[in-house]
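*Asks:* My structure is in input05.tsv, and what it holds is TSV, C-alpha atoms and all ligand atoms:
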```tsv
chain	number	residue	atom	x	y	z
A	1	ARG	CA	-4.07	-0.60	7.19
A	2	MET	CA	-2.18	2.64	6.63
A	3	THR	CA	-2.03	3.32	10.35
A	4	ARG	CA	-0.79	-0.19	10.96
A	5	LEU	CA	1.95	0.12	8.36
A	6	ARG	CA	3.06	3.41	9.92
A	7	ALA	CA	3.03	1.98	13.40
A	8	ARG	CA	4.98	-1.10	12.37
A	9	LEU	CA	7.63	0.79	10.46
A	10	ALA	CA	7.84	3.52	13.07
A	11	ARG	CA	8.64	1.06	15.80
A	12	SER	CA	12.03	0.38	14.27
A	13	GLY	CA	12.77	4.01	13.42
A	14	THR	CA	12.52	5.14	9.83
A	15	LEU	CA	14.61	6.29	6.96
A	16	GLY	CA	12.33	9.19	6.10
A	17	ARG	CA	12.40	10.65	9.55
A	18	SER	CA	16.20	10.63	9.69
A	19	LEU	CA	16.43	12.27	6.28
A	20	LEU	CA	13.89	14.93	7.16
A	21	SER	CA	15.70	15.81	10.35
A	22	ILE	CA	19.01	16.30	8.54
A	23	LEU	CA	17.44	18.19	5.65
A	24	SER	CA	15.76	20.66	7.98
A	25	ARG	CA	19.00	21.72	9.72
A	26	GLY	CA	19.19	24.96	7.77
A	27	SER	CA	22.17	25.52	5.51
A	28	LEU	CA	23.57	22.09	4.82
A	29	THR	CA	27.28	21.44	5.08
A	30	GLU	CA	29.25	18.76	3.25
A	31	ALA	CA	29.19	16.75	6.49
A	32	ASP	CA	25.37	16.91	6.46
A	33	TRP	CA	25.31	15.58	2.91
A	34	GLU	CA	27.66	12.78	3.87
A	35	GLU	CA	25.30	11.91	6.68
A	36	ILE	CA	22.41	11.79	4.24
A	37	GLU	CA	24.40	9.49	1.97
A	38	GLU	CA	25.28	7.24	4.88
A	39	THR	CA	21.65	7.13	5.99
A	40	LEU	CA	20.56	6.05	2.52
A	41	LEU	CA	23.26	3.39	2.24
A	42	LEU	CA	22.49	2.06	5.72
A	43	ALA	CA	18.84	1.73	4.71
A	44	ASP	CA	19.96	-0.58	1.88
A	45	ILE	CA	18.78	1.62	-0.97
A	46	GLY	CA	21.90	0.61	-2.89
A	47	ILE	CA	24.74	2.67	-4.32
A	48	GLY	CA	23.24	3.57	-7.71
A	49	PRO	CA	19.89	4.84	-6.43
A	50	THR	CA	21.63	6.62	-3.52
A	51	THR	CA	23.88	8.59	-5.88
A	52	GLU	CA	20.88	9.43	-8.03
A	53	LEU	CA	18.80	10.61	-5.09
A	54	MET	CA	21.69	12.63	-3.64
A	55	ASP	CA	22.22	14.50	-6.91
A	56	ARG	CA	18.55	15.33	-7.22
A	57	LEU	CA	18.20	16.42	-3.60
A	58	ARG	CA	21.31	18.63	-3.79
A	59	THR	CA	19.98	20.38	-6.88
A	60	GLN	CA	16.51	20.85	-5.50
A	61	VAL	CA	17.64	21.98	-2.07
A	62	ARG	CA	20.00	24.49	-3.69
A	63	VAL	CA	17.07	25.99	-5.57
A	64	LEU	CA	14.62	25.74	-2.70
A	65	GLY	CA	16.71	26.35	0.42
A	66	THR	CA	15.73	24.46	3.56
A	67	ASP	CA	13.78	27.21	5.35
A	68	ASP	CA	10.43	25.78	4.47
A	69	PRO	CA	10.13	22.34	6.11
A	70	GLN	CA	6.95	21.52	4.21
A	71	ALA	CA	8.60	22.23	0.87
A	72	VAL	CA	11.61	20.07	1.79
A	73	ARG	CA	9.28	17.32	2.84
A	74	ASP	CA	7.37	17.53	-0.45
A	75	VAL	CA	10.60	17.31	-2.44
A	76	LEU	CA	11.82	14.33	-0.45
A	77	ARG	CA	8.46	12.62	-0.79
A	78	ALA	CA	8.37	13.10	-4.57
A	79	GLU	CA	11.95	11.88	-4.99
A	80	LEU	CA	11.50	8.80	-2.81
A	81	LEU	CA	8.27	7.99	-4.61
A	82	ALA	CA	10.03	8.21	-7.98
A	83	LEU	CA	12.67	5.76	-6.71
A	84	VAL	CA	10.04	3.27	-5.56
A	85	ASP	CA	8.49	3.49	-9.03
A	86	PRO	CA	4.74	3.97	-8.51
A	87	GLY	CA	4.07	3.01	-12.15
A	88	MET	CA	4.91	-0.69	-11.79
A	89	ASP	CA	2.07	-3.19	-12.15
A	90	ARG	CA	1.75	-4.78	-8.72
A	91	SER	CA	-1.49	-6.66	-9.20
A	92	LEU	CA	-1.48	-10.38	-8.41
A	93	ARG	CA	-2.47	-12.65	-11.27
A	94	VAL	CA	-4.87	-14.87	-9.40
A	95	SER	CA	-7.84	-15.16	-11.74
A	96	PRO	CA	-8.72	-18.66	-12.96
A	97	GLY	CA	-8.37	-19.29	-16.69
A	98	VAL	CA	-9.52	-21.59	-19.46
A	99	GLY	CA	-7.14	-24.00	-21.19
A	100	ASP	CA	-6.80	-24.79	-24.90
A	101	ASP	CA	-9.10	-27.73	-24.25
A	102	GLY	CA	-11.87	-25.35	-23.13
A	103	GLU	CA	-11.59	-26.62	-19.55
A	104	PRO	CA	-11.37	-24.09	-16.71
A	105	HIS	CA	-8.26	-24.18	-14.57
A	106	PRO	CA	-7.16	-22.41	-11.38
A	107	ALA	CA	-4.60	-19.64	-11.25
A	108	THR	CA	-1.37	-21.05	-9.83
A	109	VAL	CA	1.14	-19.25	-7.65
A	110	LEU	CA	4.61	-20.70	-7.08
A	111	VAL	CA	6.33	-19.33	-3.99
A	112	VAL	CA	10.15	-19.52	-3.96
A	113	GLY	CA	13.01	-18.20	-1.85
A	114	VAL	CA	15.72	-19.12	0.61
A	115	ASN	CA	14.64	-21.10	3.68
A	116	GLY	CA	13.92	-18.92	6.68
A	117	THR	CA	12.85	-15.89	4.66
A	118	GLY	CA	9.19	-16.50	5.52
A	119	LYS	CA	7.95	-18.54	2.55
A	120	THR	CA	5.59	-20.87	4.37
A	121	THR	CA	4.24	-18.07	6.54
A	122	THR	CA	3.68	-15.98	3.42
A	123	VAL	CA	1.79	-18.81	1.72
A	124	GLY	CA	-0.48	-19.04	4.77
A	125	LYS	CA	-1.05	-15.31	4.94
A	126	LEU	CA	-1.61	-15.10	1.19
A	127	ALA	CA	-4.28	-17.80	1.46
A	128	ARG	CA	-5.98	-15.65	4.10
A	129	VAL	CA	-5.91	-12.57	1.81
A	130	LEU	CA	-7.33	-14.55	-1.13
A	131	VAL	CA	-10.06	-16.17	1.00
A	132	ALA	CA	-11.04	-12.71	2.25
A	133	GLU	CA	-11.49	-11.75	-1.42
A	134	ASP	CA	-13.95	-14.66	-1.74
A	135	ARG	CA	-11.62	-16.87	-3.70
A	136	GLU	CA	-11.42	-20.60	-3.21
A	137	VAL	CA	-7.87	-21.60	-2.41
A	138	LEU	CA	-5.85	-24.80	-2.16
A	139	LEU	CA	-2.27	-25.07	-0.91
A	140	GLY	CA	0.47	-27.43	-2.08
A	141	ALA	CA	3.33	-28.41	0.23
A	142	ALA	CA	6.15	-28.97	-2.27
A	143	ASP	CA	8.82	-28.33	0.36
A	144	THR	CA	9.26	-32.06	0.85
A	145	PHE	CA	12.79	-31.80	2.17
A	146	ARG	CA	11.63	-31.39	5.76
A	147	ALA	CA	8.45	-33.06	7.01
A	148	ALA	CA	8.09	-30.16	9.44
A	149	ALA	CA	7.59	-27.78	6.53
A	150	ALA	CA	4.48	-29.65	5.36
A	151	ASP	CA	3.20	-29.79	8.95
A	152	GLN	CA	3.68	-26.05	9.25
A	153	LEU	CA	1.75	-25.45	6.03
A	154	GLN	CA	-0.97	-27.83	7.19
A	155	THR	CA	-1.34	-25.79	10.37
A	156	TRP	CA	-1.72	-22.65	8.27
A	157	GLY	CA	-4.32	-24.41	6.11
A	158	GLU	CA	-6.36	-25.25	9.20
A	159	ARG	CA	-5.93	-21.75	10.54
A	160	VAL	CA	-7.27	-20.04	7.41
A	161	GLY	CA	-9.67	-22.84	6.42
A	162	VAL	CA	-8.17	-24.08	3.14
A	163	PRO	CA	-7.18	-27.63	2.09
A	164	VAL	CA	-3.52	-28.62	1.83
A	165	VAL	CA	-2.13	-31.23	-0.56
A	166	ARG	CA	1.05	-32.85	0.75
A	167	SER	CA	3.03	-36.05	0.58
A	168	ASP	CA	3.35	-38.30	3.59
A	169	ARG	CA	6.81	-39.26	2.50
A	170	GLU	CA	9.75	-37.06	3.49
A	171	GLY	CA	11.91	-36.47	0.41
A	172	ALA	CA	9.07	-37.11	-2.04
A	173	ASP	CA	9.46	-35.48	-5.47
A	174	PRO	CA	8.40	-31.84	-4.99
A	175	ALA	CA	7.30	-31.60	-8.63
A	176	ALA	CA	4.95	-34.56	-8.08
A	177	VAL	CA	3.39	-32.86	-5.06
A	178	ALA	CA	3.00	-29.59	-7.00
A	179	PHE	CA	1.38	-31.53	-9.84
A	180	ASP	CA	-0.99	-33.30	-7.44
A	181	ALA	CA	-1.92	-29.98	-5.80
A	182	VAL	CA	-2.81	-28.27	-9.07
A	183	LYS	CA	-4.66	-31.39	-10.25
A	184	ALA	CA	-6.66	-31.52	-7.01
A	185	GLY	CA	-7.37	-27.79	-7.27
A	186	ARG	CA	-8.52	-28.20	-10.83
A	187	GLU	CA	-10.80	-31.11	-9.98
A	188	ALA	CA	-12.26	-29.25	-7.00
A	189	GLY	CA	-12.77	-26.15	-9.16
A	190	VAL	CA	-10.84	-23.81	-6.85
A	191	ASP	CA	-9.74	-20.38	-8.03
A	192	VAL	CA	-6.13	-20.36	-6.87
A	193	VAL	CA	-3.52	-22.99	-6.01
A	194	VAL	CA	-0.53	-21.70	-4.05
A	195	VAL	CA	2.54	-23.93	-3.96
A	196	ASP	CA	5.24	-23.69	-1.26
A	197	THR	CA	8.74	-24.87	-2.21
A	198	ALA	CA	12.06	-25.68	-0.52
A	199	GLY	CA	14.81	-23.09	-0.77
A	200	ARG	CA	18.08	-24.89	-0.38
A	201	LEU	CA	20.74	-22.86	-2.04
A	202	GLN	CA	23.93	-24.86	-1.90
A	203	ASN	CA	23.92	-25.59	-5.60
A	204	LYS	CA	22.56	-23.32	-8.30
A	205	THR	CA	22.25	-26.10	-10.86
A	206	ASP	CA	20.21	-28.24	-8.46
A	207	LEU	CA	17.99	-25.31	-7.64
A	208	MET	CA	17.47	-24.53	-11.29
A	209	ASN	CA	16.67	-28.16	-12.08
A	210	GLU	CA	14.28	-28.47	-9.15
A	211	LEU	CA	12.34	-25.22	-9.68
A	212	GLY	CA	12.37	-25.70	-13.43
A	213	LYS	CA	10.92	-29.17	-13.06
A	214	ILE	CA	8.24	-28.04	-10.58
A	215	LYS	CA	7.15	-25.29	-12.93
A	216	ARG	CA	7.17	-27.55	-15.97
A	217	ILE	CA	5.21	-30.34	-14.29
A	218	MET	CA	2.68	-27.92	-12.76
A	219	SER	CA	2.13	-26.41	-16.21
A	220	ARG	CA	0.75	-29.74	-17.42
A	221	GLN	CA	-2.30	-28.99	-15.27
A	222	ALA	CA	-2.43	-25.20	-15.56
A	223	PRO	CA	-0.05	-22.42	-16.57
A	224	VAL	CA	1.91	-20.89	-13.69
A	225	SER	CA	0.37	-17.43	-13.21
A	226	GLU	CA	2.74	-15.98	-10.63
A	227	VAL	CA	6.19	-16.84	-9.34
A	228	LEU	CA	6.60	-14.93	-6.08
A	229	LEU	CA	10.09	-14.58	-4.66
A	230	VAL	CA	10.15	-14.18	-0.89
A	231	LEU	CA	12.92	-11.94	0.43
A	232	ASP	CA	13.70	-11.16	4.08
A	233	ALA	CA	14.05	-7.37	4.40
A	234	THR	CA	16.41	-7.71	7.37
A	235	THR	CA	19.11	-9.55	5.40
A	236	GLY	CA	20.14	-6.54	3.31
A	237	GLN	CA	22.67	-6.93	0.53
A	238	ASN	CA	23.18	-10.60	1.33
A	239	GLY	CA	19.49	-11.31	0.76
A	240	LEU	CA	19.71	-9.35	-2.44
A	241	ARG	CA	22.45	-11.61	-3.77
A	242	GLN	CA	20.38	-14.70	-2.93
A	243	ALA	CA	17.36	-13.14	-4.62
A	244	GLN	CA	19.45	-12.69	-7.75
A	245	VAL	CA	20.24	-16.41	-7.82
A	246	PHE	CA	16.54	-17.25	-7.77
A	247	ALA	CA	15.76	-14.63	-10.40
A	248	ASP	CA	18.44	-16.23	-12.58
A	249	VAL	CA	16.91	-19.71	-12.40
A	250	VAL	CA	13.19	-18.96	-12.59
A	251	ASP	CA	11.10	-16.15	-14.13
A	252	VAL	CA	10.06	-14.21	-11.04
A	253	THR	CA	6.89	-12.12	-11.51
A	254	GLY	CA	6.74	-10.46	-8.10
A	255	ILE	CA	8.61	-10.00	-4.85
A	256	VAL	CA	7.28	-10.47	-1.34
A	257	LEU	CA	9.36	-8.50	1.14
A	258	THR	CA	8.95	-10.02	4.60
A	259	LYS	CA	9.85	-8.83	8.10
A	260	LEU	CA	9.55	-5.14	7.25
A	261	ASP	CA	8.18	-4.78	10.77
A	262	GLY	CA	11.60	-5.64	12.15
A	263	THR	CA	13.87	-3.31	10.22
A	264	ALA	CA	14.60	0.31	9.45
A	265	LYS	CA	16.04	-0.83	6.13
A	266	GLY	CA	13.01	-0.07	3.98
A	267	GLY	CA	15.39	0.99	1.23
A	268	ILE	CA	15.68	-2.65	0.19
A	269	VAL	CA	12.40	-2.11	-1.72
A	270	VAL	CA	14.22	0.24	-4.07
A	271	ALA	CA	17.33	-1.92	-4.33
A	272	VAL	CA	15.56	-5.20	-5.11
A	273	GLN	CA	13.27	-3.69	-7.72
A	274	ARG	CA	16.25	-2.07	-9.44
A	275	GLU	CA	18.34	-5.19	-9.22
A	276	LEU	CA	15.75	-7.66	-10.47
A	277	GLY	CA	13.47	-5.38	-12.50
A	278	VAL	CA	10.49	-7.00	-10.78
A	279	PRO	CA	7.91	-5.19	-8.61
A	280	VAL	CA	7.49	-5.71	-4.88
A	281	LYS	CA	3.88	-6.89	-4.78
A	282	LEU	CA	3.37	-7.81	-1.14
A	283	ILE	CA	4.94	-6.94	2.19
A	284	GLY	CA	5.09	-8.95	5.41
A	285	LEU	CA	4.54	-6.93	8.58
A	286	GLY	CA	4.48	-9.64	11.23
A	287	GLU	CA	3.99	-13.32	11.96
A	288	GLY	CA	0.21	-13.33	12.25
A	289	PRO	CA	-2.36	-14.34	9.62
A	290	ASP	CA	-3.35	-10.73	8.88
A	291	ASP	CA	0.19	-9.42	8.55
A	292	LEU	CA	0.48	-9.44	4.77
A	293	ALA	CA	-0.39	-6.32	2.80
A	294	PRO	CA	-0.32	-5.34	-0.85
A	295	PHE	CA	2.61	-3.01	-1.49
A	296	ASP	CA	1.52	0.51	-2.29
A	297	ALA	CA	4.34	2.88	-3.26
A	298	ALA	CA	2.68	6.10	-2.04
A	299	GLU	CA	1.53	4.53	1.20
A	300	PHE	CA	5.01	3.16	1.80
A	301	VAL	CA	6.74	6.49	1.23
A	302	ASP	CA	4.24	8.26	3.47
A	303	ALA	CA	4.83	5.68	6.16
A	304	ILE	CA	8.61	6.09	6.13
A	305	LEU	CA	8.23	9.89	6.19
A	306	GLU	CA	5.92	9.73	9.19
B	401	LIG	P1	10.50	-20.45	5.31
B	401	LIG	O1	11.58	-21.35	5.80
B	401	LIG	O2	10.99	-19.54	4.22
B	401	LIG	O3	9.25	-21.16	4.91
B	401	LIG	O4	10.16	-19.45	6.52
B	401	LIG	P2	8.97	-19.49	7.59
B	401	LIG	O5	7.68	-19.19	6.93
B	401	LIG	O6	9.06	-20.76	8.37
B	401	LIG	O7	9.35	-18.23	8.49
B	401	LIG	C1	10.56	-18.14	9.21
B	401	LIG	C2	10.31	-17.25	10.45
B	401	LIG	O8	10.06	-15.91	10.07
B	401	LIG	C3	9.10	-17.70	11.27
B	401	LIG	O9	9.41	-17.55	12.63
B	401	LIG	C4	8.02	-16.68	10.86
B	401	LIG	O10	7.05	-16.51	11.86
B	401	LIG	C5	8.84	-15.43	10.64
B	401	LIG	N1	8.21	-14.47	9.72
B	401	LIG	C6	7.72	-14.69	8.48
B	401	LIG	N2	7.25	-13.56	7.93
B	401	LIG	C7	7.43	-12.57	8.84
B	401	LIG	C8	7.15	-11.15	8.87
B	401	LIG	O11	6.65	-10.53	7.93
B	401	LIG	N3	7.50	-10.48	10.02
B	401	LIG	C9	8.08	-11.11	11.08
B	401	LIG	N4	8.38	-10.37	12.14
B	401	LIG	N5	8.36	-12.43	11.07
B	401	LIG	C10	8.04	-13.15	9.98
```
Represent the structure contained in this file as structure tokens.
*Replies:*
Amino acid sequence: RMTRLRARLARSGTLGRSLLSILSRGSLTEADWEEIEETLLLADIGIGPTTELMDRLRTQVRVLGTDDPQAVRDVLRAELLALVDPGMDRSLRVSPGVGDDGEPHPATVLVVGVNGTGKTTTVGKLARVLVAEDREVLLGAADTFRAAAADQLQTWGERVGVPVVRSDREGADPAAVAFDAVKAGREAGVDVVVVDTAGRLQNKTDLMNELGKIKRIMSRQAPVSEVLLVLDATTGQNGLRQAQVFADVVDVTGIVLTKLDGTAKGGIVVAVQRELGVPVKLIGLGEGPDDLAPFDAAEFVDAILE
């Protein structure tokens, strides 16, 4: 998987490589430092973390000099790793539980985010990951706004061999579909129910009402274990602002950063975690069923330094 991550990130050129090449120029001029700053900002790390990293690198390089490429690399690696925060709990809460009534219930994962970020694809890929871990999975198509969305999820269900609960009626109440999915999952004794939602953003109050209702109605069958926010890594600061809207209306427990295969802007990992205070738990590295990986801070930093 490591090799794959490296290969995917390397294809679009990487932040780490650019930084290393500047840092190893010998005695660094102010122009070199400006170039480093620009590189970090262009990679979407964000202004706060960029300033922080710049200060630390300046100090350390002053002490160390840049004659020893390995030492420079080690410093950069340690500093990037600290920014990505390796201490965050990135485990997915997907173990079934037992309710107050003593009845077992599935874990439930609600997947939210703006349309086009890769929500439905992520739900499909996540089902594949969970099935590979020997878990029984059921999917709920609560994006009832477009019939095509449910069809797309259905195709994913067939592809990875898991049942899909959907409504035949376009515009059906998404909360009702989510409820039906968790109920069906509970009755079938599955381990995890993953629910896909619509991500129309034109009105924050509507979004809040809709997601709030879905979560509340689902909870009548089983508590919501994870709320995963899907964010497209290629949309930069704009995506970050949209992510903030979702984080404001629903308690997000983890971020899925998609399309990392198509961008050199890996710095968005740092920015979004800082901004929302929520860990990146999964990353999307392509459109195929096996292109979802757990996010590992050390692996990620090694890949961008490759
Ligand atoms: P939704 O509207 O949020 O449900 O988004 P979709 O799941 O329909 O995905 C939108 C597009 O992004 C589709 O063409 C997907 O194949 C593509 N996509 C999703 N995840 C990834 C990823 O990790 N990498 C790449 N390259 N494409 C992705």
*Asks:* List all protein, DNA and RNA residues that have at least one atom no more than 8 Å from any atom of ligand LIG 401 (chain B), counting only C-alpha atoms and all ligand atoms, and write them as an MDAnalysis selection string.
*Replies:* chainID A and resid 113:123 149 152 196 198:199 230 232 257:262 283:288 291:292
*Asks:* How many Å lie between CA of Gly189 (chain A) and CA of Glu136 (chain A), rounded to one decimal?
*Replies:*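 Computing the Euclidean distance for CA of Gly189 (chain A) and CA of Glu136 (chain A) yields 8.2 Å.
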*Asks:* One decimal, Å: what's the distance from CA of Val278 (chain A) over to CA of Asn203 (chain A), could you say?
*Replies:* 23.5 Å
*Asks:* Under the rule that all atoms listed in the file are counted, which of A:Gly46, A:Pro289, A:Pro104, A:Pro294 is the nearest residue to Gly161 (chain A)?
*Replies:*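 Looking only at the distances to Gly161 (chain A), the closest residue turns out to be A:Pro289.
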*Asks:* Using Å and a single decimal, report how far CA of Leu139 (chain A) sits from CA of Gly157 (chain A).
*Replies:*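 Computing the Euclidean distance for CA of Gly157 (chain A) and CA of Leu139 (chain A) yields 7.3 Å.
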*Asks:* Using only C-alpha atoms, which protein or nucleic acid residues come within 9 Å of region 31-42 of chain A? Drop anything in the same chain fewer than 3 positions from it, and give the result as number ranges by chain.
*Replies:* A: 15, 18-19, 22-23, 25, 28, 45-47, 50-51, 54, 58, 264-265, 267
*Asks:* From the list A:Ala172, A:Val252, A:Ala142, A:Ala127, which residue is nearest Arg159 (chain A) when using all atoms listed in the file?
*Replies:*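 Under the stated criterion, the closest residue is A:Ala127.
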*Asks:* Could you make a table, as a Markdown table, of the residues of region 119-188 of chain A that have an atom within 12 Å of an atom of region 210-220 of chain A, each with its nearest atom pair and distance in Å to one decimal, counting all atoms listed in the file, in chain and number order?
*Replies:*
```
| residue | atom | partner | partner_atom | distance |
| --- | --- | --- | --- | --- |
| A:Gly140 | CA | A:Met218 | CA | 10.9 |
| A:Ala141 | CA | A:Ile214 | CA | 11.9 |
| A:Ala142 | CA | A:Ile214 | CA | 8.6 |
| A:Asp143 | CA | A:Ile214 | CA | 11.0 |
| A:Thr144 | CA | A:Glu210 | CA | 11.8 |
| A:Phe145 | CA | A:Glu210 | CA | 11.9 |
| A:Asp173 | CA | A:Ile214 | CA | 9.1 |
| A:Pro174 | CA | A:Ile214 | CA | 6.8 |
| A:Ala175 | CA | A:Ile214 | CA | 4.2 |
| A:Ala176 | CA | A:Ile217 | CA | 7.5 |
| A:Val177 | CA | A:Ile214 | CA | 8.8 |
| A:Ala178 | CA | A:Met218 | CA | 6.0 |
| A:Phe179 | CA | A:Met218 | CA | 4.8 |
| A:Asp180 | CA | A:Met218 | CA | 8.4 |
| A:Ala181 | CA | A:Met218 | CA | 8.6 |
| A:Val182 | CA | A:Met218 | CA | 6.6 |
| A:Lys183 | CA | A:Met218 | CA | 8.5 |
| A:Ala184 | CA | A:Met218 | CA | 11.5 |
| A:Gly185 | CA | A:Met218 | CA | 11.5 |
| A:Arg186 | CA | A:Met218 | CA | 11.4 |
```
*Asks:* Quick one: residues within 12 Å of Pro49 (chain A), all atoms listed in the file counted, chain neighbours fewer than 4 positions away excluded, as a PyMOL selection string?
*Replies:* chain A and resi 37+40-41+43-45+53-56+79-80+82-85+267-275
*Asks:* As an mmCIF file, keeping the file's coordinate frame, please: region 257-265 of chain A completed to all heavy atoms.
*Replies:*
```
data_model
loop_
_atom_site.group_PDB
_atom_site.id
_atom_site.type_symbol
_atom_site.label_atom_id
_atom_site.label_comp_id
_atom_site.auth_asym_id
_atom_site.auth_seq_id
_atom_site.Cartn_x
_atom_site.Cartn_y
_atom_site.Cartn_z
ATOM 1 N N LEU A 257 8.332 -8.941 0.202
ATOM 2 C CA LEU A 257 9.360 -8.500 1.140
ATOM 3 C C LEU A 257 8.836 -8.714 2.562
ATOM 4 O O LEU A 257 7.900 -8.045 2.988
ATOM 5 C CB LEU A 257 9.638 -7.020 0.871
ATOM 6 C CG LEU A 257 10.984 -6.474 1.279
ATOM 7 C CD1 LEU A 257 12.120 -7.287 0.693
ATOM 8 C CD2 LEU A 257 11.092 -5.020 0.841
ATOM 9 N N THR A 258 9.442 -9.685 3.257
ATOM 10 C CA THR A 258 8.950 -10.020 4.600
ATOM 11 C C THR A 258 9.738 -9.307 5.688
ATOM 12 O O THR A 258 10.819 -8.771 5.433
ATOM 13 C CB THR A 258 9.072 -11.536 4.856
ATOM 14 O OG1 THR A 258 10.446 -11.894 4.741
ATOM 15 C CG2 THR A 258 8.244 -12.342 3.877
ATOM 16 N N LYS A 259 9.188 -9.330 6.886
ATOM 17 C CA LYS A 259 9.850 -8.830 8.100
ATOM 18 C C LYS A 259 10.162 -7.338 8.045
ATOM 19 O O LYS A 259 11.115 -6.875 8.662
ATOM 20 C CB LYS A 259 11.104 -9.652 8.419
ATOM 21 C CG LYS A 259 10.810 -11.171 8.389
ATOM 22 C CD LYS A 259 11.955 -12.025 8.839
ATOM 23 C CE LYS A 259 11.711 -13.488 8.469
ATOM 24 N NZ LYS A 259 12.794 -14.377 8.860
ATOM 25 N N LEU A 260 9.366 -6.596 7.283
ATOM 26 C CA LEU A 260 9.550 -5.140 7.250
ATOM 27 C C LEU A 260 9.217 -4.526 8.601
ATOM 28 O O LEU A 260 9.587 -3.392 8.876
ATOM 29 C CB LEU A 260 8.660 -4.521 6.161
ATOM 30 C CG LEU A 260 9.320 -4.253 4.820
ATOM 31 C CD1 LEU A 260 8.322 -3.681 3.834
ATOM 32 C CD2 LEU A 260 10.516 -3.313 4.954
ATOM 33 N N ASP A 261 8.501 -5.279 9.429
ATOM 34 C CA ASP A 261 8.180 -4.780 10.770
ATOM 35 C C ASP A 261 9.420 -4.775 11.663
ATOM 36 O O ASP A 261 9.454 -4.091 12.675
ATOM 37 C CB ASP A 261 7.102 -5.662 11.412
ATOM 38 C CG ASP A 261 7.464 -7.147 11.366
ATOM 39 O OD1 ASP A 261 7.807 -7.631 10.283
ATOM 40 O OD2 ASP A 261 7.409 -7.796 12.419
ATOM 41 N N GLY A 262 10.448 -5.514 11.273
ATOM 42 C CA GLY A 262 11.600 -5.640 12.150
ATOM 43 C C GLY A 262 12.833 -4.928 11.657
ATOM 44 O O GLY A 262 13.941 -5.272 12.036
ATOM 45 N N THR A 263 12.687 -3.954 10.778
ATOM 46 C CA THR A 263 13.870 -3.310 10.220
ATOM 47 C C THR A 263 13.625 -1.856 9.865
ATOM 48 O O THR A 263 12.513 -1.470 9.533
ATOM 49 C CB THR A 263 14.336 -4.050 8.949
ATOM 50 O OG1 THR A 263 15.452 -3.351 8.402
ATOM 51 C CG2 THR A 263 13.254 -4.132 7.896
ATOM 52 N N ALA A 264 14.682 -1.069 9.920
ATOM 53 C CA ALA A 264 14.600 0.310 9.450
ATOM 54 C C ALA A 264 15.108 0.383 8.017
ATOM 55 O O ALA A 264 15.227 1.440 7.438
ATOM 56 C CB ALA A 264 15.437 1.204 10.356
ATOM 57 N N LYS A 265 15.421 -0.790 7.446
ATOM 58 C CA LYS A 265 16.040 -0.830 6.130
ATOM 59 C C LYS A 265 15.027 -0.927 5.006
ATOM 60 O O LYS A 265 15.126 -1.797 4.149
ATOM 61 C CB LYS A 265 17.024 -2.001 6.060
ATOM 62 C CG LYS A 265 18.185 -1.857 7.039
ATOM 63 C CD LYS A 265 19.100 -3.054 6.931
ATOM 64 C CE LYS A 265 20.299 -2.935 7.836
ATOM 65 N NZ LYS A 265 21.292 -1.966 7.395
#
```
